[in-house]
$ cat work.cif   # mmCIF, C-alpha atoms
data_start
loop_
_atom_site.label_atom_id
_atom_site.label_comp_id
_atom_site.auth_asym_id
_atom_site.auth_seq_id
_atom_site.Cartn_x
_atom_site.Cartn_y
_atom_site.Cartn_z
CA MET A 21 86.93 238.09 -122.61
CA ILE A 22 87.70 241.70 -123.38
CA GLY A 23 87.24 243.90 -120.33
CA LEU A 24 87.27 247.61 -119.66
CA SER A 25 90.97 247.60 -118.82
CA HIS A 26 91.84 246.29 -122.31
CA TYR A 27 90.18 249.28 -123.91
CA LEU A 28 91.73 251.69 -121.42
CA ILE A 29 95.20 250.28 -122.10
CA VAL A 30 94.77 250.66 -125.87
CA SER A 31 93.49 254.19 -125.33
CA ALA A 32 96.48 255.01 -123.12
CA ILE A 33 98.92 253.65 -125.72
CA ILE A 34 97.32 255.70 -128.50
CA PHE A 35 97.27 258.78 -126.25
CA SER A 36 100.98 258.43 -125.49
CA ILE A 37 101.70 258.05 -129.23
CA GLY A 38 99.90 261.35 -129.77
CA LEU A 39 101.75 263.01 -126.91
CA VAL A 40 105.12 261.86 -128.25
CA GLY A 41 104.09 263.33 -131.59
CA VAL A 42 103.20 266.67 -129.99
CA LEU A 43 106.56 266.76 -128.23
CA ARG A 44 108.73 265.81 -131.17
CA ARG A 45 107.06 267.45 -134.16
CA ARG A 46 108.32 270.80 -135.40
CA ASN A 47 105.91 271.20 -138.33
CA LEU A 48 102.59 272.80 -137.38
CA LEU A 49 100.44 270.63 -139.64
CA MET A 50 102.01 267.48 -138.20
CA LEU A 51 101.35 268.89 -134.74
CA PHE A 52 97.67 269.10 -135.67
CA PHE A 53 97.68 265.42 -136.71
CA ALA A 54 99.16 264.48 -133.33
CA THR A 55 96.42 266.36 -131.47
CA GLU A 56 93.80 264.53 -133.54
CA VAL A 57 95.36 261.23 -132.45
CA MET A 58 95.10 262.29 -128.80
CA LEU A 59 91.44 263.32 -129.16
CA ASN A 60 90.59 259.98 -130.74
CA ALA A 61 92.30 258.09 -127.91
CA VAL A 62 90.16 259.93 -125.36
CA ASN A 63 87.03 259.12 -127.40
CA ILE A 64 87.83 255.40 -127.24
CA ALA A 65 88.15 255.60 -123.45
CA PHE A 66 84.83 257.46 -123.15
CA ALA A 67 82.97 254.95 -125.33
CA ALA A 68 84.47 251.99 -123.44
CA ILE A 69 83.52 253.39 -120.01
CA SER A 70 80.06 254.19 -121.32
CA HIS A 71 79.64 250.60 -122.50
CA TYR A 72 80.92 248.87 -119.37
CA TYR A 73 79.08 251.08 -116.87
CA ASN A 74 75.89 251.02 -118.95
CA ASP A 75 75.78 254.81 -118.94
CA LEU A 76 75.24 257.18 -121.83
CA THR A 77 77.20 260.12 -120.40
CA GLY A 78 80.47 258.92 -121.90
CA GLN A 79 79.01 258.85 -125.39
CA MET A 80 77.60 262.36 -124.92
CA PHE A 81 81.02 263.71 -124.01
CA ALA A 82 82.51 261.89 -126.99
CA PHE A 83 80.00 263.71 -129.25
CA PHE A 84 81.00 267.07 -127.88
CA ILE A 85 84.68 266.19 -128.30
CA VAL A 86 84.01 265.39 -131.97
CA ALA A 87 82.27 268.77 -132.39
CA ILE A 88 85.16 270.60 -130.71
CA ALA A 89 87.70 268.76 -132.88
CA ALA A 90 85.83 269.75 -136.04
CA SER A 91 85.72 273.45 -135.13
CA GLU A 92 89.35 273.36 -133.97
CA VAL A 93 90.40 272.06 -137.37
CA ALA A 94 88.38 274.72 -139.20
CA VAL A 95 89.87 277.64 -137.25
CA GLY A 96 93.36 276.13 -137.02
CA LEU A 97 93.69 275.50 -140.74
CA GLY A 98 92.60 279.07 -141.46
CA LEU A 99 95.33 280.32 -139.13
CA LEU A 100 97.87 277.95 -140.73
CA ILE A 101 97.06 279.33 -144.19
CA ILE A 102 97.59 282.89 -142.93
CA LEU A 103 100.90 281.88 -141.30
CA PHE A 104 102.03 280.20 -144.50
CA LYS A 105 101.15 283.31 -146.51
CA LYS A 106 103.13 285.50 -144.13
CA TYR A 107 106.25 283.38 -143.49
CA GLY A 108 106.29 280.81 -146.30
CA SER A 109 106.91 277.96 -143.91
CA LEU A 110 105.14 276.03 -141.17
CA ASP A 111 108.22 275.11 -139.17
CA LEU A 112 108.06 276.18 -135.55
CA ASP A 113 111.79 276.99 -135.45
CA ASP A 114 111.38 279.41 -138.36
CA LEU A 115 108.34 281.02 -136.76
CA ALA A 116 110.09 281.73 -133.47
CA ASN A 117 111.09 285.38 -133.79
CA MET A 118 111.73 286.18 -130.16
CA LYS A 119 115.32 285.21 -129.40
CA GLY A 120 115.98 284.74 -125.72
CA MET B 24 85.63 234.90 -129.92
CA TYR B 25 84.69 237.21 -132.78
CA GLU B 26 84.92 240.21 -130.47
CA ILE B 27 88.37 239.22 -129.20
CA VAL B 28 89.79 238.80 -132.71
CA ALA B 29 88.26 242.11 -133.82
CA PHE B 30 89.55 243.96 -130.76
CA TYR B 31 93.14 242.77 -131.12
CA LEU B 32 93.13 243.33 -134.88
CA PHE B 33 91.76 246.85 -134.55
CA SER B 34 94.09 247.80 -131.72
CA ALA B 35 97.22 246.51 -133.47
CA LEU B 36 96.27 248.27 -136.71
CA THR B 37 95.38 251.59 -135.06
CA ILE B 38 98.57 251.66 -133.01
CA GLY B 39 100.64 250.90 -136.10
CA LEU B 40 98.86 253.47 -138.26
CA PHE B 41 99.06 256.22 -135.67
CA SER B 42 102.76 255.52 -135.17
CA VAL B 43 103.19 256.06 -138.90
CA THR B 44 101.27 259.35 -138.53
CA VAL B 45 103.55 260.54 -135.78
CA MET B 46 106.87 259.27 -137.17
CA SER B 47 106.58 259.77 -140.93
CA SER B 48 108.29 262.74 -142.53
CA ASN B 49 105.99 262.71 -145.55
CA LEU B 50 102.81 264.74 -145.19
CA LEU B 51 100.81 262.53 -147.54
CA TYR B 52 101.71 259.30 -145.70
CA ALA B 53 100.90 260.88 -142.34
CA MET B 54 97.49 262.07 -143.52
CA THR B 55 96.44 258.80 -145.16
CA SER B 56 97.46 256.73 -142.16
CA LEU B 57 95.57 259.14 -139.88
CA ALA B 58 92.42 258.70 -141.99
CA ALA B 59 92.75 254.90 -141.95
CA GLY B 60 93.29 254.92 -138.18
CA MET B 61 90.13 256.97 -137.71
CA VAL B 62 88.11 254.45 -139.74
CA LEU B 63 89.41 251.68 -137.48
CA ILE B 64 88.54 253.69 -134.36
CA SER B 65 84.95 253.82 -135.56
CA GLY B 66 85.25 250.02 -135.62
CA PHE B 67 86.01 250.18 -131.89
CA PHE B 68 82.83 252.18 -131.37
CA PHE B 69 80.75 249.63 -133.24
CA LEU B 70 82.30 246.88 -131.09
CA LEU B 71 81.31 248.81 -127.97
CA GLY B 72 77.70 249.12 -129.08
CA ALA B 73 77.92 252.88 -129.66
CA ASP B 74 76.52 252.70 -133.18
CA PHE B 75 75.58 256.35 -133.51
CA LEU B 76 78.98 257.51 -132.25
CA GLY B 77 80.66 255.24 -134.80
CA ALA B 78 78.58 256.73 -137.61
CA VAL B 79 79.35 260.26 -136.39
CA GLN B 80 83.06 259.37 -136.26
CA LEU B 81 82.93 258.17 -139.85
CA ILE B 82 81.01 261.19 -141.11
CA VAL B 83 82.73 263.96 -139.16
CA TYR B 84 86.30 262.73 -138.83
CA VAL B 85 86.84 260.68 -141.96
CA GLY B 86 84.44 262.67 -144.08
CA ALA B 87 84.81 266.29 -142.98
CA VAL B 88 88.03 266.70 -141.02
CA MET B 89 90.21 264.67 -143.35
CA ALA B 90 88.67 266.41 -146.37
CA LEU B 91 89.59 269.75 -144.76
CA TYR B 92 93.13 268.53 -144.21
CA SER B 93 93.46 267.36 -147.77
CA PHE B 94 92.17 270.73 -149.00
CA ALA B 95 94.74 272.45 -146.79
CA MET B 96 97.45 270.22 -148.22
CA MET B 97 96.82 271.78 -151.61
CA PHE B 98 98.04 275.09 -150.20
CA PHE B 99 101.21 273.64 -148.73
CA ASP B 100 103.79 271.67 -150.66
CA ALA B 101 102.83 268.08 -149.88
CA THR B 102 105.25 266.10 -152.01
CA ARG B 103 108.42 267.41 -150.41
CA ASP B 104 109.66 265.63 -147.30
CA ILE B 105 109.45 267.68 -144.14
CA LYS B 106 112.82 268.34 -142.55
CA GLU B 107 112.59 268.69 -138.84
CA LYS B 108 115.39 269.46 -136.47
CA ASN B 109 114.75 266.84 -133.85
CA THR B 110 116.04 267.21 -130.36
CA ASN B 111 116.83 264.22 -128.18
CA ASP B 112 114.46 261.46 -129.30
CA ALA B 113 114.92 259.17 -126.29
CA LEU B 114 114.14 262.04 -123.93
CA VAL B 115 110.99 262.86 -125.89
CA PHE B 116 109.80 259.26 -125.74
CA LEU B 117 110.51 259.05 -122.02
CA LEU B 118 108.77 262.35 -121.24
CA GLY B 119 105.80 261.61 -123.48
CA GLY B 120 105.29 258.13 -122.11
CA MET B 121 105.64 259.20 -118.51
CA SER B 122 103.30 262.18 -118.72
CA ALA B 123 100.70 260.18 -120.69
CA LEU B 124 100.86 257.43 -118.06
CA MET B 125 100.43 259.99 -115.30
CA LEU B 126 97.44 261.60 -117.03
CA VAL B 127 95.78 258.23 -117.59
CA LEU B 128 96.30 257.23 -113.96
CA MET B 129 94.90 260.55 -112.75
CA PHE B 130 91.79 260.35 -114.86
CA SER B 131 91.12 256.65 -114.37
CA ALA B 132 91.49 256.76 -110.58
CA PRO B 133 87.78 257.54 -109.98
CA ILE B 134 86.81 254.53 -112.10
CA PHE B 135 88.81 252.08 -110.05
CA SER B 136 87.56 253.46 -106.77
CA GLU B 137 84.12 252.07 -107.72
CA ASN B 138 82.45 255.43 -107.27
CA VAL B 139 80.98 255.62 -110.74
CA GLN B 140 77.21 255.57 -110.86
CA ALA B 141 75.21 255.60 -114.03
CA LEU B 142 73.55 259.01 -114.39
CA TYR B 143 71.67 258.21 -117.57
CA PRO B 144 71.46 254.42 -117.85
CA MET B 145 70.74 252.88 -121.22
CA THR B 146 67.13 251.89 -121.70
CA GLU B 147 66.46 248.27 -122.57
CA GLY B 148 64.88 247.39 -125.88
CA VAL B 149 65.73 250.75 -127.49
CA GLY B 150 68.29 251.23 -130.22
CA ASN B 151 71.44 253.19 -129.52
CA ALA B 152 70.57 256.11 -131.83
CA GLN B 153 67.14 256.57 -130.23
CA ASP B 154 68.62 256.35 -126.75
CA VAL B 155 71.29 258.93 -127.57
CA GLY B 156 68.65 261.22 -129.03
CA MET B 157 66.47 261.01 -125.92
CA VAL B 158 69.36 261.92 -123.60
CA LEU B 159 70.90 264.51 -125.94
CA PHE B 160 67.68 266.46 -126.43
CA THR B 161 66.61 266.43 -122.79
CA LYS B 162 69.57 266.45 -120.41
CA TYR B 163 72.21 267.83 -122.77
CA LEU B 164 70.11 270.27 -124.76
CA ILE B 165 71.99 273.43 -123.72
CA PRO B 166 75.47 272.00 -124.39
CA PHE B 167 74.11 270.82 -127.74
CA GLU B 168 72.94 274.33 -128.65
CA VAL B 169 76.22 275.82 -127.44
CA ALA B 170 78.09 273.32 -129.61
CA ALA B 171 75.96 274.40 -132.58
CA LEU B 172 76.84 278.05 -131.89
CA MET B 173 80.53 277.12 -131.59
CA LEU B 174 80.42 275.35 -134.96
CA LEU B 175 78.82 278.45 -136.51
CA VAL B 176 81.58 280.66 -135.08
CA ALA B 177 84.21 278.21 -136.35
CA MET B 178 82.66 278.22 -139.82
CA ILE B 179 82.58 282.01 -140.05
CA SER B 180 86.14 282.35 -138.75
CA GLY B 181 87.35 279.67 -141.13
CA ILE B 182 85.80 281.49 -144.08
CA ILE B 183 87.20 284.86 -143.01
CA LEU B 184 90.69 283.57 -142.16
CA ALA B 185 91.22 281.43 -145.23
CA GLY B 186 89.13 283.41 -147.67
CA LYS B 187 91.28 286.53 -147.90
CA LYS B 188 93.29 286.95 -151.08
CA MET B 189 92.34 283.55 -152.42
CA ASP B 190 93.08 284.74 -155.96
CA SER B 191 96.85 284.92 -155.35
CA SER B 192 98.95 281.78 -155.38
CA LEU B 193 100.67 280.64 -152.19
CA THR B 194 103.28 278.17 -153.35
CA GLU B 195 104.56 279.80 -156.50
CA ASP B 196 106.51 282.98 -156.06
CA MET B 197 104.82 286.19 -157.00
CA ASP B 198 107.65 287.40 -159.25
CA ALA B 199 107.02 284.59 -161.73
CA ASP B 200 103.38 285.61 -162.00
CA ASP B 201 104.38 289.23 -162.48
CA GLU B 202 106.78 288.31 -165.26
CA ILE B 203 104.05 286.41 -167.05
CA MET B 204 101.81 289.43 -166.76
CA ILE B 205 104.53 291.69 -168.15
CA VAL B 206 105.12 289.37 -171.10
CA LYS B 207 101.40 289.40 -171.80
CA ASP B 208 101.32 293.19 -171.64
CA GLU B 209 104.20 293.49 -174.11
CA LYS B 210 102.31 291.40 -176.60
#
$ encode --input "work.cif" --output "structure tokens"
Amino acid sequence: MIGLSHYLIVSAIIFSIGLVGVLRRRNLLMLFFATEVMLNAVNIAFAAISHYYNDLTGQMFAFFIVAIAASEVAVGLGLLIILFKKYGSLDLDDLANMKG
Amino acid sequence: MYEIVAFYLFSALTIGLFSVTVMSSNLLYAMTSLAAGMVLISGFFFLLGADFLGAVQLIVYVGAVMALYSFAMMFFDATRDIKEKNTNDALVFLLGGMSALMLVLMFSAPIFSENVQALYPMTEGVGNAQDVGMVLFTKYLIPFEVAALMLLVAMISGIILAGKKMDSSLTEDMDADDEIMIVKDEK
């Protein structure tokens, strides 16, 4: 039978995939995709805990995470468009203008 | 039996699709695999009995967020492969895996210490959507309103940030447009 730990392990694997993506990506749009992966992994964990403890709080927090992800994408894509207009590229190495 | 098959199928497919999202150098492949992975994650929610959350996942993530991404892709050049100067890959995998493991252990420690008590237990004989509505509009009313305000702020800022100078092209260079204008003027 599928228990809580199964869901938590899947959620941890997906979260680490997202974290590897955040660490290794240099393109800003791809970085956004990796953060979406991480947010989804956390949502799975919340829904699983909510199911196995018979408690609705986990689902509530998952709703608010979905709302935050939607507004993050709206603001972030606006900023990306402005960056692309200004620099013509979304690569983090090109955008770094402080040489240390 | 049905649940076990569905769980393993969904988890294998999501892990594979999200790995494609993270590893692929093509923007289009990354975005499509991300959308497919989100559909499968809503399958997880339906398995867990969170029907309303699954529907919200489908509507908001697959419907709205991915549509926003695909609109944004029209501004950037999506067909060209993205060249990234990658640092040490093995180090990144080690660091990412270790820190993710540490985070998961930190946040799941209270669960395994058996200290979790149900604050808002699910009511018997009531559908999931009705149950969610009762808790959301009584105990979580203020966070709900604050989330609505946050979405309004995000919408306004999105319009203001992206809406400036929408008449000029981003990908084509401006000189080409100017030359066309000059040719038209000469005629």
$ resolve_selection --input "work.cif" --expression "the PyMOL selection byres ((chain B and resi 118-131) around 12)" --output "mmCIF file with C-alpha atoms, keeping the file's coordinate frame"
data_model
loop_
_atom_site.group_PDB
_atom_site.id
_atom_site.type_symbol
_atom_site.label_atom_id
_atom_site.label_comp_id
_atom_site.auth_asym_id
_atom_site.auth_seq_id
_atom_site.Cartn_x
_atom_site.Cartn_y
_atom_site.Cartn_z
ATOM 1 C CA LEU A 24 87.270 247.610 -119.660
ATOM 2 C CA SER A 25 90.970 247.600 -118.820
ATOM 3 C CA LEU A 28 91.730 251.690 -121.420
ATOM 4 C CA ILE A 29 95.200 250.280 -122.100
ATOM 5 C CA VAL A 30 94.770 250.660 -125.870
ATOM 6 C CA SER A 31 93.490 254.190 -125.330
ATOM 7 C CA ALA A 32 96.480 255.010 -123.120
ATOM 8 C CA ILE A 33 98.920 253.650 -125.720
ATOM 9 C CA ILE A 34 97.320 255.700 -128.500
ATOM 10 C CA PHE A 35 97.270 258.780 -126.250
ATOM 11 C CA SER A 36 100.980 258.430 -125.490
ATOM 12 C CA ILE A 37 101.700 258.050 -129.230
ATOM 13 C CA GLY A 38 99.900 261.350 -129.770
ATOM 14 C CA LEU A 39 101.750 263.010 -126.910
ATOM 15 C CA VAL A 40 105.120 261.860 -128.250
ATOM 16 C CA GLY A 41 104.090 263.330 -131.590
ATOM 17 C CA VAL A 42 103.200 266.670 -129.990
ATOM 18 C CA LEU A 43 106.560 266.760 -128.230
ATOM 19 C CA ARG A 44 108.730 265.810 -131.170
ATOM 20 C CA MET A 58 95.100 262.290 -128.800
ATOM 21 C CA ALA A 61 92.300 258.090 -127.910
ATOM 22 C CA VAL A 62 90.160 259.930 -125.360
ATOM 23 C CA ALA A 65 88.150 255.600 -123.450
ATOM 24 C CA PHE A 66 84.830 257.460 -123.150
ATOM 25 C CA ILE A 69 83.520 253.390 -120.010
ATOM 26 C CA ASN B 111 116.830 264.220 -128.180
ATOM 27 C CA ASP B 112 114.460 261.460 -129.300
ATOM 28 C CA ALA B 113 114.920 259.170 -126.290
ATOM 29 C CA LEU B 114 114.140 262.040 -123.930
ATOM 30 C CA VAL B 115 110.990 262.860 -125.890
ATOM 31 C CA PHE B 116 109.800 259.260 -125.740
ATOM 32 C CA LEU B 117 110.510 259.050 -122.020
ATOM 33 C CA ALA B 132 91.490 256.760 -110.580
ATOM 34 C CA PRO B 133 87.780 257.540 -109.980
ATOM 35 C CA ILE B 134 86.810 254.530 -112.100
ATOM 36 C CA PHE B 135 88.810 252.080 -110.050
ATOM 37 C CA SER B 136 87.560 253.460 -106.770
ATOM 38 C CA GLU B 137 84.120 252.070 -107.720
ATOM 39 C CA ASN B 138 82.450 255.430 -107.270
ATOM 40 C CA VAL B 139 80.980 255.620 -110.740
#
$ interface_residues --input "work.cif" --of "chain A" --to "chain B" --cutoff "8 Å" --atoms "only C-alpha atoms" --output "ChimeraX atom specification"
/A:21-22,30,32-41,43-47,50,53-54,57,60,64,67-68,71,73-77,79-80,82-84,86-88,90-95,97-99,101-102,104-105,111
$ write_last_selection --input "work.cif" --atoms "C-alpha atoms" --output "PDB file, in the frame of the given file"
ATOM      1  CA  MET A  21      86.930 238.090-122.610  1.00  0.00           C
ATOM      2  CA  ILE A  22      87.700 241.700-123.380  1.00  0.00           C
ATOM      3  CA  VAL A  30      94.770 250.660-125.870  1.00  0.00           C
ATOM      4  CA  ALA A  32      96.480 255.010-123.120  1.00  0.00           C
ATOM      5  CA  ILE A  33      98.920 253.650-125.720  1.00  0.00           C
ATOM      6  CA  ILE A  34      97.320 255.700-128.500  1.00  0.00           C
ATOM      7  CA  PHE A  35      97.270 258.780-126.250  1.00  0.00           C
ATOM      8  CA  SER A  36     100.980 258.430-125.490  1.00  0.00           C
ATOM      9  CA  ILE A  37     101.700 258.050-129.230  1.00  0.00           C
ATOM     10  CA  GLY A  38      99.900 261.350-129.770  1.00  0.00           C
ATOM     11  CA  LEU A  39     101.750 263.010-126.910  1.00  0.00           C
ATOM     12  CA  VAL A  40     105.120 261.860-128.250  1.00  0.00           C
ATOM     13  CA  GLY A  41     104.090 263.330-131.590  1.00  0.00           C
ATOM     14  CA  LEU A  43     106.560 266.760-128.230  1.00  0.00           C
ATOM     15  CA  ARG A  44     108.730 265.810-131.170  1.00  0.00           C
ATOM     16  CA  ARG A  45     107.060 267.450-134.160  1.00  0.00           C
ATOM     17  CA  ARG A  46     108.320 270.800-135.400  1.00  0.00           C
ATOM     18  CA  ASN A  47     105.910 271.200-138.330  1.00  0.00           C
ATOM     19  CA  MET A  50     102.010 267.480-138.200  1.00  0.00           C
ATOM     20  CA  PHE A  53      97.680 265.420-136.710  1.00  0.00           C
ATOM     21  CA  ALA A  54      99.160 264.480-133.330  1.00  0.00           C
ATOM     22  CA  VAL A  57      95.360 261.230-132.450  1.00  0.00           C
ATOM     23  CA  ASN A  60      90.590 259.980-130.740  1.00  0.00           C
ATOM     24  CA  ILE A  64      87.830 255.400-127.240  1.00  0.00           C
ATOM     25  CA  ALA A  67      82.970 254.950-125.330  1.00  0.00           C
ATOM     26  CA  ALA A  68      84.470 251.990-123.440  1.00  0.00           C
ATOM     27  CA  HIS A  71      79.640 250.600-122.500  1.00  0.00           C
ATOM     28  CA  TYR A  73      79.080 251.080-116.870  1.00  0.00           C
ATOM     29  CA  ASN A  74      75.890 251.020-118.950  1.00  0.00           C
ATOM     30  CA  ASP A  75      75.780 254.810-118.940  1.00  0.00           C
ATOM     31  CA  LEU A  76      75.240 257.180-121.830  1.00  0.00           C
ATOM     32  CA  THR A  77      77.200 260.120-120.400  1.00  0.00           C
ATOM     33  CA  GLN A  79      79.010 258.850-125.390  1.00  0.00           C
ATOM     34  CA  MET A  80      77.600 262.360-124.920  1.00  0.00           C
ATOM     35  CA  ALA A  82      82.510 261.890-126.990  1.00  0.00           C
ATOM     36  CA  PHE A  83      80.000 263.710-129.250  1.00  0.00           C
ATOM     37  CA  PHE A  84      81.000 267.070-127.880  1.00  0.00           C
ATOM     38  CA  VAL A  86      84.010 265.390-131.970  1.00  0.00           C
ATOM     39  CA  ALA A  87      82.270 268.770-132.390  1.00  0.00           C
ATOM     40  CA  ILE A  88      85.160 270.600-130.710  1.00  0.00           C
ATOM     41  CA  ALA A  90      85.830 269.750-136.040  1.00  0.00           C
ATOM     42  CA  SER A  91      85.720 273.450-135.130  1.00  0.00           C
ATOM     43  CA  GLU A  92      89.350 273.360-133.970  1.00  0.00           C
ATOM     44  CA  VAL A  93      90.400 272.060-137.370  1.00  0.00           C
ATOM     45  CA  ALA A  94      88.380 274.720-139.200  1.00  0.00           C
ATOM     46  CA  VAL A  95      89.870 277.640-137.250  1.00  0.00           C
ATOM     47  CA  LEU A  97      93.690 275.500-140.740  1.00  0.00           C
ATOM     48  CA  GLY A  98      92.600 279.070-141.460  1.00  0.00           C
ATOM     49  CA  LEU A  99      95.330 280.320-139.130  1.00  0.00           C
ATOM     50  CA  ILE A 101      97.060 279.330-144.190  1.00  0.00           C
ATOM     51  CA  ILE A 102      97.590 282.890-142.930  1.00  0.00           C
ATOM     52  CA  PHE A 104     102.030 280.200-144.500  1.00  0.00           C
ATOM     53  CA  LYS A 105     101.150 283.310-146.510  1.00  0.00           C
ATOM     54  CA  ASP A 111     108.220 275.110-139.170  1.00  0.00           C
TER      55      ASP A 111
END
$ closest_residue --input "work.cif" --among "A:Phe81, A:Lys106, A:Leu100, A:Gly23" --to "Leu59 in chain A" --atoms "all atoms listed in the file"
A:Phe81
$ atom_distance --input "work.cif" --atom1 "CA of Ser70 in chain A" --atom2 "CA of Thr161 in chain B"
18.2 Å
$ closest_residue --input "work.cif" --among "B:Gly148, B:Leu51, B:Leu81, B:Ala58" --to "Leu49 in chain A" --atoms "all atoms listed in the file"
B:Leu51
$ atom_distance --input "work.cif" --atom1 "CA of Gly150 in chain B" --atom2 "CA of Gly78 in chain A"
16.6 Å
$ atom_distance --input "work.cif" --atom1 "CA of Tyr27 in chain A" --atom2 "CA of Ala78 in chain B"
19.4 Å
$ build_atoms --input "work.cif" --residues "range 61-80 of chain A" --atoms "N, CA and C atoms" --output "CSV table (one decimal), keeping the file's coordinate frame"
chain,number,residue,atom,x,y,z
A,61,ALA,N,92.0,259.0,-129.0
A,61,ALA,CA,92.3,258.1,-127.9
A,61,ALA,C,91.3,258.3,-126.8
A,62,VAL,N,91.1,259.6,-126.4
A,62,VAL,CA,90.2,259.9,-125.4
A,62,VAL,C,88.7,259.5,-125.7
A,63,ASN,N,88.4,259.6,-127.0
A,63,ASN,CA,87.0,259.1,-127.4
A,63,ASN,C,86.9,257.6,-127.2
A,64,ILE,N,87.9,256.8,-127.5
A,64,ILE,CA,87.8,255.4,-127.2
A,64,ILE,C,87.6,255.1,-125.8
A,65,ALA,N,88.3,255.8,-124.9
A,65,ALA,CA,88.2,255.6,-123.4
A,65,ALA,C,86.7,255.9,-123.0
A,66,PHE,N,86.2,257.1,-123.5
A,66,PHE,CA,84.8,257.5,-123.2
A,66,PHE,C,83.8,256.4,-123.6
A,67,ALA,N,83.9,255.9,-124.8
A,67,ALA,CA,83.0,255.0,-125.3
A,67,ALA,C,83.1,253.7,-124.5
A,68,ALA,N,84.3,253.2,-124.2
A,68,ALA,CA,84.5,252.0,-123.4
A,68,ALA,C,83.8,252.1,-122.0
A,69,ILE,N,84.1,253.2,-121.4
A,69,ILE,CA,83.5,253.4,-120.0
A,69,ILE,C,82.0,253.4,-120.1
A,70,SER,N,81.5,254.1,-121.1
A,70,SER,CA,80.1,254.2,-121.3
A,70,SER,C,79.5,252.8,-121.5
A,71,HIS,N,80.2,251.9,-122.2
A,71,HIS,CA,79.6,250.6,-122.5
A,71,HIS,C,79.7,249.7,-121.2
A,72,TYR,N,80.8,249.8,-120.5
A,72,TYR,CA,80.9,248.9,-119.4
A,72,TYR,C,80.2,249.3,-118.1
A,73,TYR,N,79.9,250.6,-118.0
A,73,TYR,CA,79.1,251.1,-116.9
A,73,TYR,C,77.6,251.3,-117.3
A,74,ASN,N,77.3,250.9,-118.5
A,74,ASN,CA,75.9,251.0,-119.0
A,74,ASN,C,75.3,252.4,-118.8
A,75,ASP,N,76.1,253.4,-119.2
A,75,ASP,CA,75.8,254.8,-118.9
A,75,ASP,C,76.0,255.6,-120.2
A,76,LEU,N,75.1,256.5,-120.6
A,76,LEU,CA,75.2,257.2,-121.8
A,76,LEU,C,76.1,258.4,-121.8
A,77,THR,N,76.5,258.8,-120.5
A,77,THR,CA,77.2,260.1,-120.4
A,77,THR,C,78.5,260.1,-121.2
A,78,GLY,N,79.2,259.0,-121.2
A,78,GLY,CA,80.5,258.9,-121.9
A,78,GLY,C,80.3,259.2,-123.4
A,79,GLN,N,79.3,258.6,-124.0
A,79,GLN,CA,79.0,258.8,-125.4
A,79,GLN,C,78.7,260.3,-125.7
A,80,MET,N,77.9,260.9,-124.7
A,80,MET,CA,77.6,262.4,-124.9
A,80,MET,C,78.9,263.2,-125.0
